[in-house]
$ cat query-v8.cif   # mmCIF, C-alpha atoms
data_model
loop_
_atom_site.label_atom_id
_atom_site.label_comp_id
_atom_site.auth_asym_id
_atom_site.auth_seq_id
_atom_site.Cartn_x
_atom_site.Cartn_y
_atom_site.Cartn_z
CA MET A 1484 9.19 -2.34 -19.90
CA ARG A 1485 12.19 -4.61 -19.96
CA ALA A 1486 12.79 -7.00 -22.84
CA ASN A 1487 13.29 -10.03 -20.56
CA ASP A 1488 11.01 -12.69 -22.13
CA PRO A 1489 10.61 -15.64 -19.75
CA PHE A 1490 9.53 -17.92 -22.63
CA ALA A 1491 12.29 -17.03 -25.12
CA ARG A 1492 14.35 -20.18 -24.56
CA LEU A 1493 11.51 -22.58 -23.79
CA PRO A 1494 10.02 -25.04 -26.28
CA GLU A 1495 7.11 -23.76 -28.37
CA ALA A 1496 3.70 -24.66 -26.96
CA ALA A 1497 0.12 -24.33 -28.11
CA SER A 1498 -1.73 -21.32 -26.79
CA PHE A 1499 -4.97 -21.43 -24.81
CA THR A 1500 -6.87 -18.89 -22.71
CA VAL A 1501 -6.64 -17.87 -19.07
CA THR A 1502 -8.85 -15.15 -17.59
CA SER A 1503 -9.40 -13.73 -14.14
CA THR A 1504 -12.12 -11.88 -12.27
CA THR A 1505 -9.31 -10.47 -10.10
CA VAL A 1506 -7.07 -8.82 -12.69
CA THR A 1507 -7.33 -7.87 -16.36
CA GLU A 1508 -4.62 -8.57 -18.93
CA GLY A 1509 -2.04 -5.77 -18.82
CA ALA A 1510 -3.61 -4.07 -15.80
CA SER A 1511 -2.15 -3.52 -12.36
CA TRP A 1512 -2.76 -6.02 -9.61
CA PRO A 1513 -5.46 -4.88 -7.20
CA PRO A 1514 -4.15 -4.05 -3.67
CA GLU A 1515 -5.14 -7.50 -2.34
CA GLN A 1516 -2.63 -9.16 -4.69
CA PHE A 1517 0.26 -7.08 -3.37
CA SER A 1518 2.51 -8.43 -0.63
CA SER A 1519 1.43 -7.87 2.95
CA GLY A 1520 4.71 -5.91 3.25
CA VAL A 1521 3.23 -3.24 0.96
CA PRO A 1522 0.55 -0.90 2.41
CA GLY A 1523 -2.86 -2.44 1.60
CA GLY A 1524 -1.31 -5.71 0.39
CA LYS A 1525 -2.87 -8.98 1.52
CA ASP A 1526 -1.02 -11.77 -0.38
CA ILE A 1527 -4.29 -13.11 -1.84
CA SER A 1528 -3.87 -15.26 -4.95
CA PRO A 1529 -5.94 -14.25 -7.99
CA GLN A 1530 -9.01 -16.05 -9.29
CA LEU A 1531 -8.13 -17.89 -12.49
CA SER A 1532 -10.22 -19.67 -15.16
CA TRP A 1533 -8.90 -21.35 -18.28
CA ARG A 1534 -10.29 -22.96 -21.42
CA GLY A 1535 -9.15 -24.42 -24.71
CA ALA A 1536 -6.26 -26.54 -23.43
CA PRO A 1537 -4.75 -28.88 -26.01
CA GLU A 1538 -6.05 -32.40 -26.47
CA GLY A 1539 -4.09 -34.86 -24.35
CA THR A 1540 -3.82 -32.54 -21.34
CA LYS A 1541 -3.57 -34.69 -18.20
CA SER A 1542 -2.77 -32.03 -15.61
CA TYR A 1543 -1.96 -28.36 -15.14
CA ALA A 1544 0.60 -26.31 -13.27
CA VAL A 1545 0.14 -22.64 -12.42
CA THR A 1546 3.01 -20.21 -11.95
CA VAL A 1547 3.28 -16.50 -11.18
CA TYR A 1548 6.67 -15.01 -12.08
CA ASP A 1549 8.20 -11.51 -12.04
CA PRO A 1550 11.11 -11.39 -14.53
CA ASP A 1551 11.77 -7.74 -13.63
CA ALA A 1552 12.76 -8.34 -9.99
CA PRO A 1553 16.28 -7.04 -9.33
CA THR A 1554 17.73 -10.47 -8.57
CA GLY A 1555 19.36 -11.59 -11.79
CA SER A 1556 16.90 -14.47 -11.91
CA GLY A 1557 13.50 -12.83 -11.41
CA PHE A 1558 11.16 -13.83 -8.58
CA TRP A 1559 8.66 -16.71 -8.40
CA HIS A 1560 5.55 -15.64 -6.47
CA TRP A 1561 3.40 -18.78 -6.74
CA VAL A 1562 3.83 -22.29 -8.02
CA VAL A 1563 1.11 -24.98 -8.05
CA ALA A 1564 1.60 -28.47 -9.50
CA ASP A 1565 -0.56 -31.52 -10.24
CA ILE A 1566 -3.86 -29.74 -10.86
CA PRO A 1567 -6.12 -32.42 -12.40
CA ALA A 1568 -7.10 -31.99 -16.06
CA THR A 1569 -10.77 -31.86 -15.01
CA VAL A 1570 -10.15 -28.60 -13.10
CA THR A 1571 -10.33 -25.36 -15.08
CA GLU A 1572 -10.59 -22.77 -12.33
CA LEU A 1573 -8.95 -21.73 -9.07
CA PRO A 1574 -10.85 -19.43 -6.70
CA GLU A 1575 -9.36 -16.21 -5.39
CA GLY A 1576 -7.39 -17.02 -2.25
CA ALA A 1577 -6.63 -20.63 -3.25
CA GLY A 1578 -2.95 -19.92 -2.60
CA ASP A 1579 -3.24 -19.34 1.15
CA ASP A 1580 -0.94 -21.04 3.69
CA THR A 1581 -2.97 -24.25 3.58
CA GLY A 1582 -3.85 -24.31 -0.13
CA SER A 1583 -7.46 -24.66 1.00
CA GLY A 1584 -8.83 -23.64 -2.40
CA LEU A 1585 -6.73 -26.09 -4.38
CA PRO A 1586 -8.18 -29.31 -5.80
CA GLU A 1587 -7.32 -32.66 -4.23
CA ASP A 1588 -3.79 -33.86 -5.14
CA ALA A 1589 -2.63 -30.39 -6.24
CA PHE A 1590 0.11 -28.81 -4.15
CA GLN A 1591 2.02 -25.57 -3.79
CA LEU A 1592 5.79 -25.52 -4.07
CA PRO A 1593 7.89 -23.00 -2.16
CA ASN A 1594 8.16 -19.66 -3.95
CA ASP A 1595 11.36 -17.60 -3.94
CA ALA A 1596 10.57 -16.45 -0.40
CA ARG A 1597 10.56 -20.22 0.43
CA ALA A 1598 6.89 -20.16 1.41
CA ALA A 1599 4.55 -22.73 -0.14
CA ARG A 1600 1.84 -20.17 -0.85
CA PHE A 1601 1.08 -17.12 -3.00
CA ILE A 1602 3.13 -14.08 -2.10
CA GLY A 1603 1.97 -10.83 -3.62
CA ALA A 1604 3.72 -8.19 -5.69
CA ALA A 1605 6.31 -6.02 -3.97
CA PRO A 1606 8.53 -4.23 -6.49
CA PRO A 1607 11.19 -2.14 -4.76
CA PRO A 1608 10.00 1.47 -4.33
CA GLY A 1609 10.98 3.56 -7.33
CA HIS A 1610 12.14 0.53 -9.36
CA GLY A 1611 9.50 1.13 -12.00
CA PRO A 1612 6.78 -1.17 -13.29
CA HIS A 1613 7.18 -4.93 -13.00
CA ARG A 1614 5.43 -7.58 -15.09
CA TYR A 1615 3.85 -10.62 -13.46
CA PHE A 1616 3.36 -13.58 -15.78
CA VAL A 1617 0.44 -15.68 -14.57
CA VAL A 1618 0.78 -18.91 -16.54
CA VAL A 1619 -1.33 -22.05 -16.73
CA HIS A 1620 0.78 -24.87 -18.18
CA ALA A 1621 -1.09 -27.80 -19.81
CA LEU A 1622 0.94 -30.98 -19.26
CA ASP A 1623 0.93 -34.43 -20.84
CA VAL A 1624 1.34 -36.23 -17.49
CA ALA A 1625 -1.13 -36.61 -14.59
CA SER A 1626 1.61 -35.91 -12.05
CA ILE A 1627 4.79 -33.98 -12.80
CA GLY A 1628 6.72 -36.01 -10.23
CA VAL A 1629 8.57 -33.32 -8.31
CA PRO A 1630 8.75 -33.29 -4.52
CA ALA A 1631 6.67 -30.73 -2.66
CA ASP A 1632 9.82 -28.92 -1.54
CA ALA A 1633 11.27 -28.57 -5.07
CA THR A 1634 12.21 -25.12 -6.29
CA PRO A 1635 10.28 -23.38 -9.07
CA ALA A 1636 13.33 -23.85 -11.32
CA VAL A 1637 13.26 -27.63 -10.77
CA LEU A 1638 9.56 -27.69 -11.63
CA GLY A 1639 10.20 -25.62 -14.76
CA PHE A 1640 13.01 -27.90 -15.89
CA THR A 1641 10.94 -31.01 -15.22
CA MET A 1642 7.89 -29.55 -17.01
CA SER A 1643 9.81 -28.40 -20.08
CA SER A 1644 9.46 -31.72 -21.93
CA HIS A 1645 5.81 -32.18 -20.86
CA ILE A 1646 4.23 -28.83 -21.80
CA LEU A 1647 1.48 -29.16 -24.40
CA GLY A 1648 0.15 -25.64 -24.03
CA ARG A 1649 0.58 -22.37 -22.21
CA ALA A 1650 -2.06 -19.80 -21.22
CA VAL A 1651 -0.61 -16.46 -20.15
CA LEU A 1652 -2.09 -13.43 -18.39
CA THR A 1653 0.27 -10.55 -17.58
CA ALA A 1654 -0.40 -8.23 -14.66
CA THR A 1655 1.74 -5.29 -13.58
CA ALA A 1656 2.72 -3.58 -10.34
CA GLN A 1657 4.72 -0.58 -9.25
CA THR A 1658 5.59 0.80 -5.84
CA PRO A 1659 6.09 4.59 -5.79
CA ALA A 1660 9.43 5.91 -4.51
#

$ encode --input "query-v8.cif" --output "structure tokens"
Amino acid sequence: MRANDPFARLPEAASFTVTSTTVTEGASWPPEQFSSGVPGGKDISPQLSWRGAPEGTKSYAVTVYDPDAPTGSGFWHWVVADIPATVTELPEGAGDDTGSGLPEDAFQLPNDARAARFIGAAPPPGHGPHRYFVVVHALDVASIGVPADATPAVLGFTMSSHILGRAVLTATAQTPA
């Protein structure tokens, strides 16, 4: 694996727990969580549950990021903001084109493919294994205040001073040559 740590230059944050019925920590994404451009891929967002967020949490954001993409900046696969603090689970498929499984007031920002939805794993064939950081960010504000068309980088910058805690699940994917 590559040494690129997406949290290395971010402020420290308390840790809490995220789990999934879709994928296990360190395991490969199932075929449904691969991009529809990969045989068997369906671009279906994973089920996520979290617990133990720090006191004072007022909302959550969820991100899925591949730091190993050959872009120089990684690749953001899914970004959801303004999840109410009372919500501690997203169903599988919540990240469809309409965000139908998202709670009221939560919204998806455009990913690096500029689609406001989950886009599945698609490492270039023969590029080796990629890591996918599925992160639930506990925030100290009810609304992060970014427009719905903001980039993932703008959300990350805006969140950086509001993160109370971070729950991380890492999945992997590889496309054979």

$ closest_residue --input "query-v8.cif" --among "A:Val1547, A:Phe1601, A:Thr1653, A:Trp1512" --to "Gly1639 (chain A)" --atoms "all atoms listed in the file"
A:Val1547

$ residues_around --input "query-v8.cif" --residues "Arg1649 (chain A)" --least-positions-apart "3" --cutoff "7 Å" --atoms "only C-alpha atoms" --output "compact mmCIF listing (two decimals) with C-alpha atoms, keeping the file's coordinate frame"
# COMPACT_ATOMS: atom_id res chain seq x y z
CA ALA A 1496 3.70 -24.66 -26.96
CA ALA A 1497 0.12 -24.33 -28.11
CA SER A 1498 -1.73 -21.32 -26.79
CA PHE A 1499 -4.97 -21.43 -24.81
CA VAL A 1618 0.78 -18.91 -16.54
CA VAL A 1619 -1.33 -22.05 -16.73
CA HIS A 1620 0.78 -24.87 -18.18
CA ALA A 1621 -1.09 -27.80 -19.81

$ closest_atom_pairs --input "query-v8.cif" --of "region 1518-1559 of chain A" --to "region 1631-1637 of chain A" --cutoff "12 Å" --atoms "all atoms listed in the file" --output "CSV"
residue,atom,partner,partner_atom,distance
A:Ala1544,CA,A:Pro1635,CA,11.0
A:Val1545,CA,A:Pro1635,CA,10.7
A:Thr1546,CA,A:Pro1635,CA,8.4
A:Val1547,CA,A:Pro1635,CA,10.0
A:Tyr1548,CA,A:Pro1635,CA,9.6
A:Ser1556,CA,A:Ala1636,CA,10.1
A:Gly1557,CA,A:Ala1636,CA,11.0
A:Phe1558,CA,A:Pro1635,CA,9.6
A:Trp1559,CA,A:Pro1635,CA,6.9

$ resolve_selection --input "query-v8.cif" --expression "the PyMOL selection byres ((chain A and resi 1581) around 10)" --output "mmCIF file with C-alpha atoms, in the coordinates of the input"
data_model
loop_
_atom_site.group_PDB
_atom_site.id
_atom_site.type_symbol
_atom_site.label_atom_id
_atom_site.label_comp_id
_atom_site.auth_asym_id
_atom_site.auth_seq_id
_atom_site.Cartn_x
_atom_site.Cartn_y
_atom_site.Cartn_z
ATOM 1 C CA ALA A 1577 -6.630 -20.630 -3.250
ATOM 2 C CA GLY A 1578 -2.950 -19.920 -2.600
ATOM 3 C CA ASP A 1579 -3.240 -19.340 1.150
ATOM 4 C CA ASP A 1580 -0.940 -21.040 3.690
ATOM 5 C CA GLY A 1582 -3.850 -24.310 -0.130
ATOM 6 C CA SER A 1583 -7.460 -24.660 1.000
ATOM 7 C CA GLY A 1584 -8.830 -23.640 -2.400
ATOM 8 C CA LEU A 1585 -6.730 -26.090 -4.380
ATOM 9 C CA PHE A 1590 0.110 -28.810 -4.150
ATOM 10 C CA GLN A 1591 2.020 -25.570 -3.790
ATOM 11 C CA ALA A 1599 4.550 -22.730 -0.140
ATOM 12 C CA ARG A 1600 1.840 -20.170 -0.850
#

$ resolve_selection --input "query-v8.cif" --expression "the PyMOL selection byres ((chain A and resi 1529) around 8)" --output "PyMOL selection string"
chain A and resi 1503-1506+1516+1527-1528+1530-1531+1574-1577

$ resolve_selection --input "query-v8.cif" --expression "the PyMOL selection byres ((chain A and resi 1608) around 8)" --output "number ranges by chain"
A: 1606-1607, 1609-1611, 1657-1660

$ decode --input "query-v8.cif" --residues "region 1490-1632 of chain A" --atoms "C-alpha atoms" --output "PDB file, in the first residue's frame"
ATOM      1  CA  PHE A1490      -5.449  12.684   7.719  1.00  0.00           C
ATOM      2  CA  ALA A1491      -1.749  13.504   8.207  1.00  0.00           C
ATOM      3  CA  ARG A1492      -2.146  17.273   7.975  1.00  0.00           C
ATOM      4  CA  LEU A1493      -5.625  17.574   9.476  1.00  0.00           C
ATOM      5  CA  PRO A1494      -6.344  18.598  13.064  1.00  0.00           C
ATOM      6  CA  GLU A1495      -6.511  15.770  15.612  1.00  0.00           C
ATOM      7  CA  ALA A1496     -10.046  14.548  16.304  1.00  0.00           C
ATOM      8  CA  ALA A1497     -11.645  12.128  18.722  1.00  0.00           C
ATOM      9  CA  SER A1498     -12.251   8.661  17.373  1.00  0.00           C
ATOM     10  CA  PHE A1499     -15.624   6.919  17.240  1.00  0.00           C
ATOM     11  CA  THR A1500     -16.929   3.825  15.452  1.00  0.00           C
ATOM     12  CA  VAL A1501     -18.380   3.265  11.991  1.00  0.00           C
ATOM     13  CA  THR A1502     -19.456  -0.181  10.787  1.00  0.00           C
ATOM     14  CA  SER A1503     -21.146  -1.525   7.689  1.00  0.00           C
ATOM     15  CA  THR A1504     -23.187  -4.546   6.704  1.00  0.00           C
ATOM     16  CA  THR A1505     -21.880  -3.956   3.168  1.00  0.00           C
ATOM     17  CA  VAL A1506     -18.116  -4.060   3.692  1.00  0.00           C
ATOM     18  CA  THR A1507     -15.754  -5.118   6.470  1.00  0.00           C
ATOM     19  CA  GLU A1508     -12.773  -3.054   7.623  1.00  0.00           C
ATOM     20  CA  GLY A1509      -9.798  -3.795   5.366  1.00  0.00           C
ATOM     21  CA  ALA A1510     -11.786  -5.982   2.979  1.00  0.00           C
ATOM     22  CA  SER A1511     -12.518  -5.438  -0.692  1.00  0.00           C
ATOM     23  CA  TRP A1512     -15.669  -3.676  -1.771  1.00  0.00           C
ATOM     24  CA  PRO A1513     -18.347  -6.097  -2.951  1.00  0.00           C
ATOM     25  CA  PRO A1514     -19.096  -5.868  -6.717  1.00  0.00           C
ATOM     26  CA  GLU A1515     -22.131  -3.610  -6.124  1.00  0.00           C
ATOM     27  CA  GLN A1516     -19.862  -0.888  -4.719  1.00  0.00           C
ATOM     28  CA  PHE A1517     -17.696  -0.816  -7.840  1.00  0.00           C
ATOM     29  CA  SER A1518     -18.385   1.701 -10.594  1.00  0.00           C
ATOM     30  CA  SER A1519     -20.899   0.741 -13.252  1.00  0.00           C
ATOM     31  CA  GLY A1520     -17.948   1.096 -15.666  1.00  0.00           C
ATOM     32  CA  VAL A1521     -16.384  -2.012 -14.097  1.00  0.00           C
ATOM     33  CA  PRO A1522     -17.937  -5.426 -14.939  1.00  0.00           C
ATOM     34  CA  GLY A1523     -20.496  -6.221 -12.198  1.00  0.00           C
ATOM     35  CA  GLY A1524     -20.275  -2.712 -10.709  1.00  0.00           C
ATOM     36  CA  LYS A1525     -23.499  -0.940  -9.753  1.00  0.00           C
ATOM     37  CA  ASP A1526     -22.458   2.329  -8.021  1.00  0.00           C
ATOM     38  CA  ILE A1527     -24.448   1.436  -4.883  1.00  0.00           C
ATOM     39  CA  SER A1528     -23.388   3.306  -1.748  1.00  0.00           C
ATOM     40  CA  PRO A1529     -22.574   1.162   1.298  1.00  0.00           C
ATOM     41  CA  GLN A1530     -24.737   0.762   4.380  1.00  0.00           C
ATOM     42  CA  LEU A1531     -23.169   2.647   7.281  1.00  0.00           C
ATOM     43  CA  SER A1532     -23.877   2.763  11.037  1.00  0.00           C
ATOM     44  CA  TRP A1533     -21.972   4.779  13.613  1.00  0.00           C
ATOM     45  CA  ARG A1534     -21.864   5.145  17.381  1.00  0.00           C
ATOM     46  CA  GLY A1535     -19.895   6.872  20.102  1.00  0.00           C
ATOM     47  CA  ALA A1536     -19.656  10.338  18.534  1.00  0.00           C
ATOM     48  CA  PRO A1537     -18.248  13.021  20.818  1.00  0.00           C
ATOM     49  CA  GLU A1538     -20.506  15.083  23.046  1.00  0.00           C
ATOM     50  CA  GLY A1539     -21.537  18.301  21.330  1.00  0.00           C
ATOM     51  CA  THR A1540     -21.999  16.697  17.906  1.00  0.00           C
ATOM     52  CA  LYS A1541     -24.631  18.696  16.004  1.00  0.00           C
ATOM     53  CA  SER A1542     -24.337  17.109  12.561  1.00  0.00           C
ATOM     54  CA  TYR A1543     -22.349  14.642  10.487  1.00  0.00           C
ATOM     55  CA  ALA A1544     -20.746  14.557   7.077  1.00  0.00           C
ATOM     56  CA  VAL A1545     -19.831  11.353   5.257  1.00  0.00           C
ATOM     57  CA  THR A1546     -17.038  11.095   2.711  1.00  0.00           C
ATOM     58  CA  VAL A1547     -15.567   8.286   0.616  1.00  0.00           C
ATOM     59  CA  TYR A1548     -12.072   9.046  -0.697  1.00  0.00           C
ATOM     60  CA  ASP A1549      -9.435   7.118  -2.672  1.00  0.00           C
ATOM     61  CA  PRO A1550      -5.986   8.639  -1.975  1.00  0.00           C
ATOM     62  CA  ASP A1551      -4.358   6.111  -4.327  1.00  0.00           C
ATOM     63  CA  ALA A1552      -6.060   7.312  -7.531  1.00  0.00           C
ATOM     64  CA  PRO A1553      -3.460   8.357 -10.114  1.00  0.00           C
ATOM     65  CA  THR A1554      -4.508  12.002 -10.140  1.00  0.00           C
ATOM     66  CA  GLY A1555      -2.079  13.751  -7.828  1.00  0.00           C
ATOM     67  CA  SER A1556      -5.012  14.622  -5.585  1.00  0.00           C
ATOM     68  CA  GLY A1557      -6.831  11.320  -5.080  1.00  0.00           C
ATOM     69  CA  PHE A1558     -10.495  10.856  -5.986  1.00  0.00           C
ATOM     70  CA  TRP A1559     -13.626  11.724  -3.976  1.00  0.00           C
ATOM     71  CA  HIS A1560     -16.338   9.100  -4.564  1.00  0.00           C
ATOM     72  CA  TRP A1561     -19.094  10.361  -2.250  1.00  0.00           C
ATOM     73  CA  VAL A1562     -19.701  13.405  -0.118  1.00  0.00           C
ATOM     74  CA  VAL A1563     -22.770  13.981   2.091  1.00  0.00           C
ATOM     75  CA  ALA A1564     -23.237  17.027   4.321  1.00  0.00           C
ATOM     76  CA  ASP A1565     -25.691  18.195   6.991  1.00  0.00           C
ATOM     77  CA  ILE A1566     -26.729  14.791   8.333  1.00  0.00           C
ATOM     78  CA  PRO A1567     -28.621  15.575  11.572  1.00  0.00           C
ATOM     79  CA  ALA A1568     -26.986  14.514  14.847  1.00  0.00           C
ATOM     80  CA  THR A1569     -30.006  12.291  15.575  1.00  0.00           C
ATOM     81  CA  VAL A1570     -29.168  10.093  12.554  1.00  0.00           C
ATOM     82  CA  THR A1571     -26.643   7.298  13.086  1.00  0.00           C
ATOM     83  CA  GLU A1572     -27.189   5.151  10.006  1.00  0.00           C
ATOM     84  CA  LEU A1573     -27.467   5.394   6.238  1.00  0.00           C
ATOM     85  CA  PRO A1574     -29.036   2.501   4.308  1.00  0.00           C
ATOM     86  CA  GLU A1575     -27.283   0.827   1.411  1.00  0.00           C
ATOM     87  CA  GLY A1576     -28.128   2.753  -1.749  1.00  0.00           C
ATOM     88  CA  ALA A1577     -28.720   6.089   0.038  1.00  0.00           C
ATOM     89  CA  GLY A1578     -26.280   7.702  -2.387  1.00  0.00           C
ATOM     90  CA  ASP A1579     -28.355   7.199  -5.539  1.00  0.00           C
ATOM     91  CA  ASP A1580     -29.046  10.013  -8.030  1.00  0.00           C
ATOM     92  CA  THR A1581     -31.849  11.416  -5.879  1.00  0.00           C
ATOM     93  CA  GLY A1582     -30.343  10.814  -2.427  1.00  0.00           C
ATOM     94  CA  SER A1583     -33.588   9.010  -1.613  1.00  0.00           C
ATOM     95  CA  GLY A1584     -32.093   7.248   1.409  1.00  0.00           C
ATOM     96  CA  LEU A1585     -30.677  10.397   2.980  1.00  0.00           C
ATOM     97  CA  PRO A1586     -32.346  12.093   5.953  1.00  0.00           C
ATOM     98  CA  GLU A1587     -34.219  15.366   5.497  1.00  0.00           C
ATOM     99  CA  ASP A1588     -31.880  18.375   5.103  1.00  0.00           C
ATOM    100  CA  ALA A1589     -28.846  16.211   4.233  1.00  0.00           C
ATOM    101  CA  PHE A1590     -27.464  16.628   0.729  1.00  0.00           C
ATOM    102  CA  GLN A1591     -24.866  15.143  -1.593  1.00  0.00           C
ATOM    103  CA  LEU A1592     -22.140  17.311  -3.062  1.00  0.00           C
ATOM    104  CA  PRO A1593     -20.650  16.582  -6.475  1.00  0.00           C
ATOM    105  CA  ASN A1594     -17.886  13.973  -6.329  1.00  0.00           C
ATOM    106  CA  ASP A1595     -14.776  14.195  -8.508  1.00  0.00           C
ATOM    107  CA  ALA A1596     -16.803  12.929 -11.470  1.00  0.00           C
ATOM    108  CA  ARG A1597     -19.033  15.997 -10.787  1.00  0.00           C
ATOM    109  CA  ALA A1598     -22.045  13.823  -9.974  1.00  0.00           C
ATOM    110  CA  ALA A1599     -23.930  14.474  -6.732  1.00  0.00           C
ATOM    111  CA  ARG A1600     -24.168  10.780  -5.874  1.00  0.00           C
ATOM    112  CA  PHE A1601     -22.031   7.793  -4.875  1.00  0.00           C
ATOM    113  CA  ILE A1602     -19.747   6.579  -7.626  1.00  0.00           C
ATOM    114  CA  GLY A1603     -18.145   3.211  -7.041  1.00  0.00           C
ATOM    115  CA  ALA A1604     -14.550   2.030  -7.081  1.00  0.00           C
ATOM    116  CA  ALA A1605     -12.780   1.866 -10.424  1.00  0.00           C
ATOM    117  CA  PRO A1606      -9.004   1.636  -9.999  1.00  0.00           C
ATOM    118  CA  PRO A1607      -7.228   1.565 -13.358  1.00  0.00           C
ATOM    119  CA  PRO A1608      -6.596  -2.027 -14.485  1.00  0.00           C
ATOM    120  CA  GLY A1609      -3.249  -3.257 -13.222  1.00  0.00           C
ATOM    121  CA  HIS A1610      -2.710  -0.195 -10.986  1.00  0.00           C
ATOM    122  CA  GLY A1611      -2.701  -2.336  -7.860  1.00  0.00           C
ATOM    123  CA  PRO A1612      -4.869  -2.118  -4.759  1.00  0.00           C
ATOM    124  CA  HIS A1613      -6.513   1.164  -3.811  1.00  0.00           C
ATOM    125  CA  ARG A1614      -7.730   2.197  -0.367  1.00  0.00           C
ATOM    126  CA  TYR A1615     -11.146   3.784   0.104  1.00  0.00           C
ATOM    127  CA  PHE A1616     -11.520   5.806   3.289  1.00  0.00           C
ATOM    128  CA  VAL A1617     -15.158   5.831   4.365  1.00  0.00           C
ATOM    129  CA  VAL A1618     -15.311   8.567   6.991  1.00  0.00           C
ATOM    130  CA  VAL A1619     -18.085   9.860   9.222  1.00  0.00           C
ATOM    131  CA  HIS A1620     -17.144  13.314  10.489  1.00  0.00           C
ATOM    132  CA  ALA A1621     -18.834  14.524  13.719  1.00  0.00           C
ATOM    133  CA  LEU A1622     -19.258  18.307  13.517  1.00  0.00           C
ATOM    134  CA  ASP A1623     -19.962  21.029  16.065  1.00  0.00           C
ATOM    135  CA  VAL A1624     -22.442  22.855  13.783  1.00  0.00           C
ATOM    136  CA  ALA A1625     -25.943  21.813  12.650  1.00  0.00           C
ATOM    137  CA  SER A1626     -25.221  22.952   9.094  1.00  0.00           C
ATOM    138  CA  ILE A1627     -21.748  23.236   7.595  1.00  0.00           C
ATOM    139  CA  GLY A1628     -22.866  26.108   5.365  1.00  0.00           C
ATOM    140  CA  VAL A1629     -21.466  25.091   1.997  1.00  0.00           C
ATOM    141  CA  PRO A1630     -23.499  25.309  -1.196  1.00  0.00           C
ATOM    142  CA  ALA A1631     -24.785  22.083  -2.723  1.00  0.00           C
ATOM    143  CA  ASP A1632     -22.459  22.517  -5.697  1.00  0.00           C
TER     144      ASP A1632
END
